[in-house]
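The next block holds one structure in the form of structure tokens; read it before the comments.
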Amino acid sequence: MRIIRAAQVLTGRPGESIKDGEVLIDGATIVSVGPRGSAGEAGEVLDLPGCTVLPGLVDAHVHLGFDAQVDPVTRRSPESDHRLLLRMAENARKLVSAGVTTARDLGARNFLDLALRDAIEEGLAVGPHIVAATRPITITGGHCWYMGGEADDEPAIRRVARENLRAGADCLKVMASGGLMTPSAPPSWEPQYDTRQLRVVVEEAALRGKGVAAHAHAHASIRSAVEARVTTIEHCTFFTASGHDYDPALADVVAASGIYVCPTVHGVYWRLRDAYGPSMVDDWLRSITSMREAGVRLIAGTDAGFASEGVANRTDGYVGGLEVFAMAGYGNAEIIELATVLAADACGLGQVAGSLDPGKRADLIAVRGDPLERIADLRDLVLVLVSGRSVGQTGVDTVTSSVG
Ligand SMILES: [Zn+2]
């Protein structure tokens, strides 16, 4: 048994803070959370004065198998799977070193995400818990077709869904609309599938108790995703041929559905703003503000791995994405909630992760300072535990000497 004691413990529930608190851990599991002294005696005590302990962060949308190259389709020398898997392992290590203890990988080829997920759980690689979607379901030549999940009609969609689940997918990803980075795909403001086709994906996932993430930029696709009752809508940009066109009535429909939206808010906002010009990127930020006001349940996810206009969105920029939520009007307590409890629930892990509660995984981080006051303090990590295992340079020995 191990006690981690800090100036403050945030449980992950909105605004809930225990001053001078402690967390008791038994192996991979949280036993108790409370004020100093509540845990009784333990073999090991880690004291972190001046620090805040909180649930490990959740990134609900990553692509560990993208390498932040401009065009993964037409690259001159595509990487072998062997090499790509090594790169994914390195991305996973970077991600967890930034405090992300759970990541939903929403698209990888050849089931490499499953190999990495299992290697991390077995201790062969260092990284967050991975919720793997494997091959995104898309039309022939559609958005991200090169990951191997092409399907044009209902029987084909059903087959790819079942094959993914047979291989061990934790959730399904479907490309409801077109997107960027795939020259042969429809533009992002055009649907790829209709409501009926999306329902097939949801049915197949539900039979195995899994969720569905629907990539949807287009208005019609956002509406279809709601009608099909997917678990999360990715991007939700309200794209038309002329850019972002926020639709308050449609946002109300999304809010009323209670479906989570992952607007893929990332840390390269300012660099994209330079690349695309302020109007487009600022419209996007305004739509996030408007969705918040409409009551849409937004969650944190960075789309790490992509590149656009030469701007690489790498796996170590997670906190930068949270700062963009602050720019969109979110308070720090709300940001921590959407980065922990809500994102974990959206990934289907509400019972095992996302908050510091007895019986849940010991996925937690400690930072110097108080992220309720300054969200940037989340960068000042002194401890990252994934199921009780300490990660990387933030080893327990280092922590005691550097903080004490
Ligand atoms: Zn993505």
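Lettering and numbering for the structure tokens are positional, with chains as A, B, ... in the shown order, residues counted from 1 in each chain, and ligands counted from 1 in the shown order.
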*asked:* So that I can see what lies close to stretch 158-164 of chain A, please list as a VMD selection string the residues with an atom at most 8 Å from it, counting only C-alpha atoms and leaving out residues fewer than 4 positions away in the same chain.
replied: chain A and resid 133 to 135 137 149 to 151 154 168 to 169 172 200 to 201 204 to 205
Save the residues we just selected, N, CA, C and O atoms, as a PDB file, in the first residue's frame?
```pdb
ATOM      1  N   ALA A 133      -9.548   2.193 -31.783  1.00  0.00           N
ATOM      2  CA  ALA A 133     -10.639   2.088 -32.764  1.00  0.00           C
ATOM      3  C   ALA A 133     -10.232   1.235 -33.965  1.00  0.00           C
ATOM      4  O   ALA A 133     -11.073   0.873 -34.776  1.00  0.00           O
ATOM      5  N   THR A 134      -8.986   0.945 -34.101  1.00  0.00           N
ATOM      6  CA  THR A 134      -8.399   0.262 -35.271  1.00  0.00           C
ATOM      7  C   THR A 134      -8.732   1.008 -36.579  1.00  0.00           C
ATOM      8  O   THR A 134      -8.605   2.218 -36.614  1.00  0.00           O
ATOM      9  N   ARG A 135      -9.218   0.302 -37.614  1.00  0.00           N
ATOM     10  CA  ARG A 135      -9.398   0.928 -38.936  1.00  0.00           C
ATOM     11  C   ARG A 135     -10.677   1.772 -38.962  1.00  0.00           C
ATOM     12  O   ARG A 135     -11.772   1.249 -38.747  1.00  0.00           O
ATOM     13  N   ILE A 137     -13.953   3.286 -40.361  1.00  0.00           N
ATOM     14  CA  ILE A 137     -14.842   2.844 -41.427  1.00  0.00           C
ATOM     15  C   ILE A 137     -15.102   4.045 -42.340  1.00  0.00           C
ATOM     16  O   ILE A 137     -15.522   5.116 -41.871  1.00  0.00           O
ATOM     17  N   GLY A 149     -10.109   0.545 -43.857  1.00  0.00           N
ATOM     18  CA  GLY A 149     -11.494   0.282 -43.431  1.00  0.00           C
ATOM     19  C   GLY A 149     -12.552   0.681 -44.444  1.00  0.00           C
ATOM     20  O   GLY A 149     -13.624   1.158 -44.068  1.00  0.00           O
ATOM     21  N   GLU A 150     -12.275   0.457 -45.746  1.00  0.00           N
ATOM     22  CA  GLU A 150     -13.229   0.901 -46.774  1.00  0.00           C
ATOM     23  C   GLU A 150     -14.486   0.030 -46.798  1.00  0.00           C
ATOM     24  O   GLU A 150     -14.406  -1.201 -46.772  1.00  0.00           O
ATOM     25  N   ALA A 151     -15.665   0.697 -46.887  1.00  0.00           N
ATOM     26  CA  ALA A 151     -16.946  -0.020 -46.976  1.00  0.00           C
ATOM     27  C   ALA A 151     -17.985   0.937 -47.538  1.00  0.00           C
ATOM     28  O   ALA A 151     -18.142   2.051 -47.028  1.00  0.00           O
ATOM     29  N   GLU A 154     -24.323  -1.165 -46.681  1.00  0.00           N
ATOM     30  CA  GLU A 154     -24.560  -1.665 -45.329  1.00  0.00           C
ATOM     31  C   GLU A 154     -23.895  -3.015 -45.032  1.00  0.00           C
ATOM     32  O   GLU A 154     -23.265  -3.153 -43.975  1.00  0.00           O
ATOM     33  N   GLY A 168     -10.310  -7.039 -31.863  1.00  0.00           N
ATOM     34  CA  GLY A 168     -10.126  -6.559 -30.493  1.00  0.00           C
ATOM     35  C   GLY A 168     -10.296  -5.060 -30.318  1.00  0.00           C
ATOM     36  O   GLY A 168      -9.845  -4.501 -29.311  1.00  0.00           O
ATOM     37  N   ALA A 169     -10.966  -4.406 -31.281  1.00  0.00           N
ATOM     38  CA  ALA A 169     -11.187  -2.956 -31.157  1.00  0.00           C
ATOM     39  C   ALA A 169     -11.991  -2.656 -29.894  1.00  0.00           C
ATOM     40  O   ALA A 169     -12.893  -3.410 -29.521  1.00  0.00           O
ATOM     41  N   LEU A 172     -15.549   1.789 -32.209  1.00  0.00           N
ATOM     42  CA  LEU A 172     -15.495   1.912 -33.670  1.00  0.00           C
ATOM     43  C   LEU A 172     -15.435   3.380 -34.043  1.00  0.00           C
ATOM     44  O   LEU A 172     -15.980   4.233 -33.349  1.00  0.00           O
ATOM     45  N   VAL A 200     -25.914   1.215 -38.674  1.00  0.00           N
ATOM     46  CA  VAL A 200     -25.329  -0.126 -38.758  1.00  0.00           C
ATOM     47  C   VAL A 200     -24.077  -0.202 -37.870  1.00  0.00           C
ATOM     48  O   VAL A 200     -23.870  -1.173 -37.137  1.00  0.00           O
ATOM     49  N   VAL A 201     -23.271   0.826 -37.924  1.00  0.00           N
ATOM     50  CA  VAL A 201     -22.049   0.858 -37.111  1.00  0.00           C
ATOM     51  C   VAL A 201     -22.413   0.856 -35.628  1.00  0.00           C
ATOM     52  O   VAL A 201     -21.829   0.108 -34.818  1.00  0.00           O
ATOM     53  N   GLU A 204     -23.701  -2.619 -34.480  1.00  0.00           N
ATOM     54  CA  GLU A 204     -22.656  -3.628 -34.350  1.00  0.00           C
ATOM     55  C   GLU A 204     -21.801  -3.380 -33.101  1.00  0.00           C
ATOM     56  O   GLU A 204     -21.421  -4.316 -32.405  1.00  0.00           O
ATOM     57  N   ALA A 205     -21.511  -2.105 -32.844  1.00  0.00           N
ATOM     58  CA  ALA A 205     -20.722  -1.769 -31.645  1.00  0.00           C
ATOM     59  C   ALA A 205     -21.524  -2.107 -30.388  1.00  0.00           C
ATOM     60  O   ALA A 205     -20.996  -2.716 -29.445  1.00  0.00           O
TER      61      ALA A 205
END
```
*asked:* What's around A:Val126 at 10 Å? Count only C-alpha atoms, leave out sequence neighbours fewer than 5 positions away in its own chain, and write the answer as number ranges by chain.
replied: A: 89-97, 116-117, 119-121, 386, 389-392
Written selection (C-alpha atoms) as a PDB file, in the first residue's frame:
```
ATOM      1  CA  ALA A  89       5.476   3.573 -29.163  1.00  0.00           C
ATOM      2  CA  GLU A  90       7.561   6.749 -29.043  1.00  0.00           C
ATOM      3  CA  ASN A  91       4.429   8.895 -29.478  1.00  0.00           C
ATOM      4  CA  ALA A  92       2.748   6.975 -26.672  1.00  0.00           C
ATOM      5  CA  ARG A  93       5.725   7.619 -24.419  1.00  0.00           C
ATOM      6  CA  LYS A  94       5.611  11.346 -25.176  1.00  0.00           C
ATOM      7  CA  LEU A  95       1.882  11.452 -24.563  1.00  0.00           C
ATOM      8  CA  VAL A  96       2.062   9.842 -21.141  1.00  0.00           C
ATOM      9  CA  SER A  97       5.054  12.004 -20.236  1.00  0.00           C
ATOM     10  CA  LEU A 116       0.731  -1.151 -28.912  1.00  0.00           C
ATOM     11  CA  ARG A 117      -2.212  -1.154 -26.461  1.00  0.00           C
ATOM     12  CA  ALA A 119       2.324  -4.079 -25.161  1.00  0.00           C
ATOM     13  CA  ILE A 120       1.722  -1.106 -22.846  1.00  0.00           C
ATOM     14  CA  GLU A 121      -0.617  -3.108 -20.612  1.00  0.00           C
ATOM     15  CA  VAL A 386      -0.634   4.710 -14.967  1.00  0.00           C
ATOM     16  CA  ARG A 389       3.075   2.437 -12.357  1.00  0.00           C
ATOM     17  CA  SER A 390       5.319   5.475 -12.350  1.00  0.00           C
ATOM     18  CA  VAL A 391       6.295   6.828 -15.754  1.00  0.00           C
ATOM     19  CA  GLY A 392       9.562   8.087 -17.187  1.00  0.00           C
TER      20      GLY A 392
END
```
*Identify, counting only C-alpha atoms and all ligand atoms, the protein, DNA and RNA residues located within 9 Å of ligand 1, and give them as a list in words.*
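Residues satisfying the distance criterion: His61, Val62, His63, Asp105, Leu106, Gly107, His215, Glu234, His235, Thr264, Thr302, Asp303, Ala304, Gly305 and Phe306 of chain A.
Proximity of A:Arg5, A:Lys19, A:Arg13, A:Arg273 to A:Asp357, computed with only C-alpha atoms, is greatest for A:Arg13.
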*Write out as JSON, numbers by chain which residues come within 10 Å of stretch 339-347 of chain A when counting only C-alpha atoms, dropping same-chain ones fewer than 3 positions away.*
{"A": [11, 12, 13, 14, 54, 55, 56, 57, 58, 59, 60, 61, 100, 101, 102, 103, 104, 130, 131, 132, 170, 171, 210, 211, 212, 213, 231, 232, 259, 260, 261, 262, 297, 298, 299, 300, 301, 318, 319, 322, 333, 334, 335, 336, 350, 351, 352, 353, 354, 355, 356]}
*Would you please work out which residue, of A:Gly27, A:Gly15, A:Gly50, A:Pro183, is nearest to A:Leu385 when using only C-alpha atoms?*
A:Gly27
_Give me, as a list in words, all polymer residues having an atom no more than 8 Å from A:Ala218, counting only C-alpha atoms and skipping those fewer than 6 positions away in the same chain._
Ser177, Gly178, Ser188, Trp189, Glu190, Pro191, Cys236, Thr237, Phe238, Phe239 and Thr240 of chain A
*So which residues touch A:Ala6 within 12 Å, counting only C-alpha atoms, skipping near sequence neighbours fewer than 3 positions away, as a ChimeraX atom specification?*
/A:3,9-10,17-24,33-37,45-54,365-370,382-383,400,403-404
*Straight-line distance linking atom CA of A:Ala251 with atom CA of A:Trp270, stated in Å to one decimal*: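 If I compute the distance from atom CA of A:Ala251 to atom CA of A:Trp270, I get 25.4 Å.
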*From the DSSP assignment of the backbone, select every residue of stretch 121-306 of chain A that is strand (DSSP E), and format the answer as a ChimeraX atom specification.*
/A:129-132,171-175,211-218,232-240,243-244,260-262,297-298
For the residues in that selection, give me N, CA and C atoms as a compact mmCIF listing (two decimals), in the first residue's frame.
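Everything below was put into out_11.txt:
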```
# COMPACT_ATOMS: atom_id res chain seq x y z
N HIS A 129 -3.01 4.11 -21.08
CA HIS A 129 -3.99 3.11 -21.49
C HIS A 129 -4.54 3.56 -22.84
N ILE A 130 -4.67 2.63 -23.77
CA ILE A 130 -5.16 3.00 -25.10
C ILE A 130 -6.53 2.37 -25.34
N VAL A 131 -7.45 3.21 -25.79
CA VAL A 131 -8.76 2.76 -26.25
C VAL A 131 -8.67 2.81 -27.77
N ALA A 132 -8.68 1.63 -28.41
CA ALA A 132 -8.29 1.56 -29.82
C ALA A 132 -9.49 1.36 -30.74
N CYS A 171 -13.55 0.35 -29.58
CA CYS A 171 -14.64 1.20 -30.04
C CYS A 171 -14.55 1.21 -31.57
N LEU A 172 -15.55 1.79 -32.21
CA LEU A 172 -15.49 1.91 -33.67
C LEU A 172 -15.44 3.38 -34.04
N LYS A 173 -14.74 3.65 -35.14
CA LYS A 173 -14.65 5.02 -35.67
C LYS A 173 -15.26 5.00 -37.06
N VAL A 174 -16.14 5.93 -37.32
CA VAL A 174 -16.73 5.99 -38.66
C VAL A 174 -16.58 7.41 -39.20
N MET A 175 -16.20 7.50 -40.46
CA MET A 175 -16.01 8.79 -41.11
C MET A 175 -17.34 9.21 -41.73
N GLY A 211 -18.66 1.65 -27.94
CA GLY A 211 -19.14 2.94 -28.43
C GLY A 211 -18.66 3.22 -29.85
N VAL A 212 -19.20 4.31 -30.40
CA VAL A 212 -18.85 4.73 -31.77
C VAL A 212 -18.46 6.19 -31.77
N ALA A 213 -17.33 6.47 -32.38
CA ALA A 213 -16.90 7.86 -32.60
C ALA A 213 -17.16 8.20 -34.07
N ALA A 214 -17.93 9.25 -34.31
CA ALA A 214 -18.24 9.65 -35.68
C ALA A 214 -17.53 10.94 -36.04
N HIS A 215 -16.66 10.85 -37.02
CA HIS A 215 -15.98 12.03 -37.56
C HIS A 215 -17.02 12.79 -38.40
N ALA A 216 -17.34 14.02 -38.01
CA ALA A 216 -18.40 14.75 -38.71
C ALA A 216 -18.09 16.24 -38.76
N HIS A 217 -17.76 16.72 -39.95
CA HIS A 217 -17.58 18.16 -40.17
C HIS A 217 -18.87 18.76 -40.72
N ALA A 218 -19.54 18.04 -41.64
CA ALA A 218 -20.68 18.58 -42.38
C ALA A 218 -21.93 18.68 -41.50
N THR A 232 -19.75 9.59 -29.56
CA THR A 232 -19.10 10.90 -29.62
C THR A 232 -19.10 11.41 -31.07
N ILE A 233 -19.23 12.73 -31.19
CA ILE A 233 -19.07 13.37 -32.50
C ILE A 233 -17.70 14.05 -32.49
N GLU A 234 -16.89 13.71 -33.48
CA GLU A 234 -15.53 14.27 -33.57
C GLU A 234 -15.53 15.49 -34.49
N HIS A 235 -14.81 16.51 -34.08
CA HIS A 235 -14.63 17.78 -34.82
C HIS A 235 -15.87 18.68 -34.71
N CYS A 236 -16.98 18.26 -35.27
CA CYS A 236 -18.24 19.03 -35.18
C CYS A 236 -18.02 20.50 -35.56
N THR A 237 -17.42 20.69 -36.74
CA THR A 237 -16.99 22.04 -37.12
C THR A 237 -18.06 22.86 -37.85
N PHE A 238 -19.19 22.22 -38.22
CA PHE A 238 -20.23 22.93 -38.98
C PHE A 238 -19.66 23.49 -40.28
N PHE A 239 -18.82 22.68 -40.95
CA PHE A 239 -18.19 23.14 -42.18
C PHE A 239 -19.18 23.24 -43.34
N THR A 240 -19.01 24.29 -44.14
CA THR A 240 -19.61 24.37 -45.47
C THR A 240 -18.48 24.70 -46.43
N GLY A 243 -16.46 27.62 -45.30
CA GLY A 243 -15.84 27.68 -43.98
C GLY A 243 -16.81 27.28 -42.87
N HIS A 244 -16.47 27.67 -41.62
CA HIS A 244 -17.33 27.33 -40.48
C HIS A 244 -18.63 28.11 -40.58
N TYR A 260 -21.57 13.29 -26.49
CA TYR A 260 -20.34 14.05 -26.29
C TYR A 260 -19.80 14.55 -27.64
N VAL A 261 -19.22 15.73 -27.61
CA VAL A 261 -18.55 16.27 -28.78
C VAL A 261 -17.07 16.49 -28.45
N CYS A 262 -16.23 15.92 -29.28
CA CYS A 262 -14.79 16.16 -29.14
C CYS A 262 -14.39 17.13 -30.26
N ARG A 297 -21.97 18.90 -24.52
CA ARG A 297 -20.96 18.32 -23.63
C ARG A 297 -19.65 18.11 -24.37
N LEU A 298 -18.75 19.07 -24.26
CA LEU A 298 -17.47 18.99 -24.97
C LEU A 298 -16.42 18.25 -24.13
```
*Minimum-distance residue to A:His82, chosen among A:Gly310, A:Gly65, A:Pro186, A:Gly321 (using only C-alpha atoms)*: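 Residue with the minimum atom-to-atom distance to A:His82: A:Gly65.
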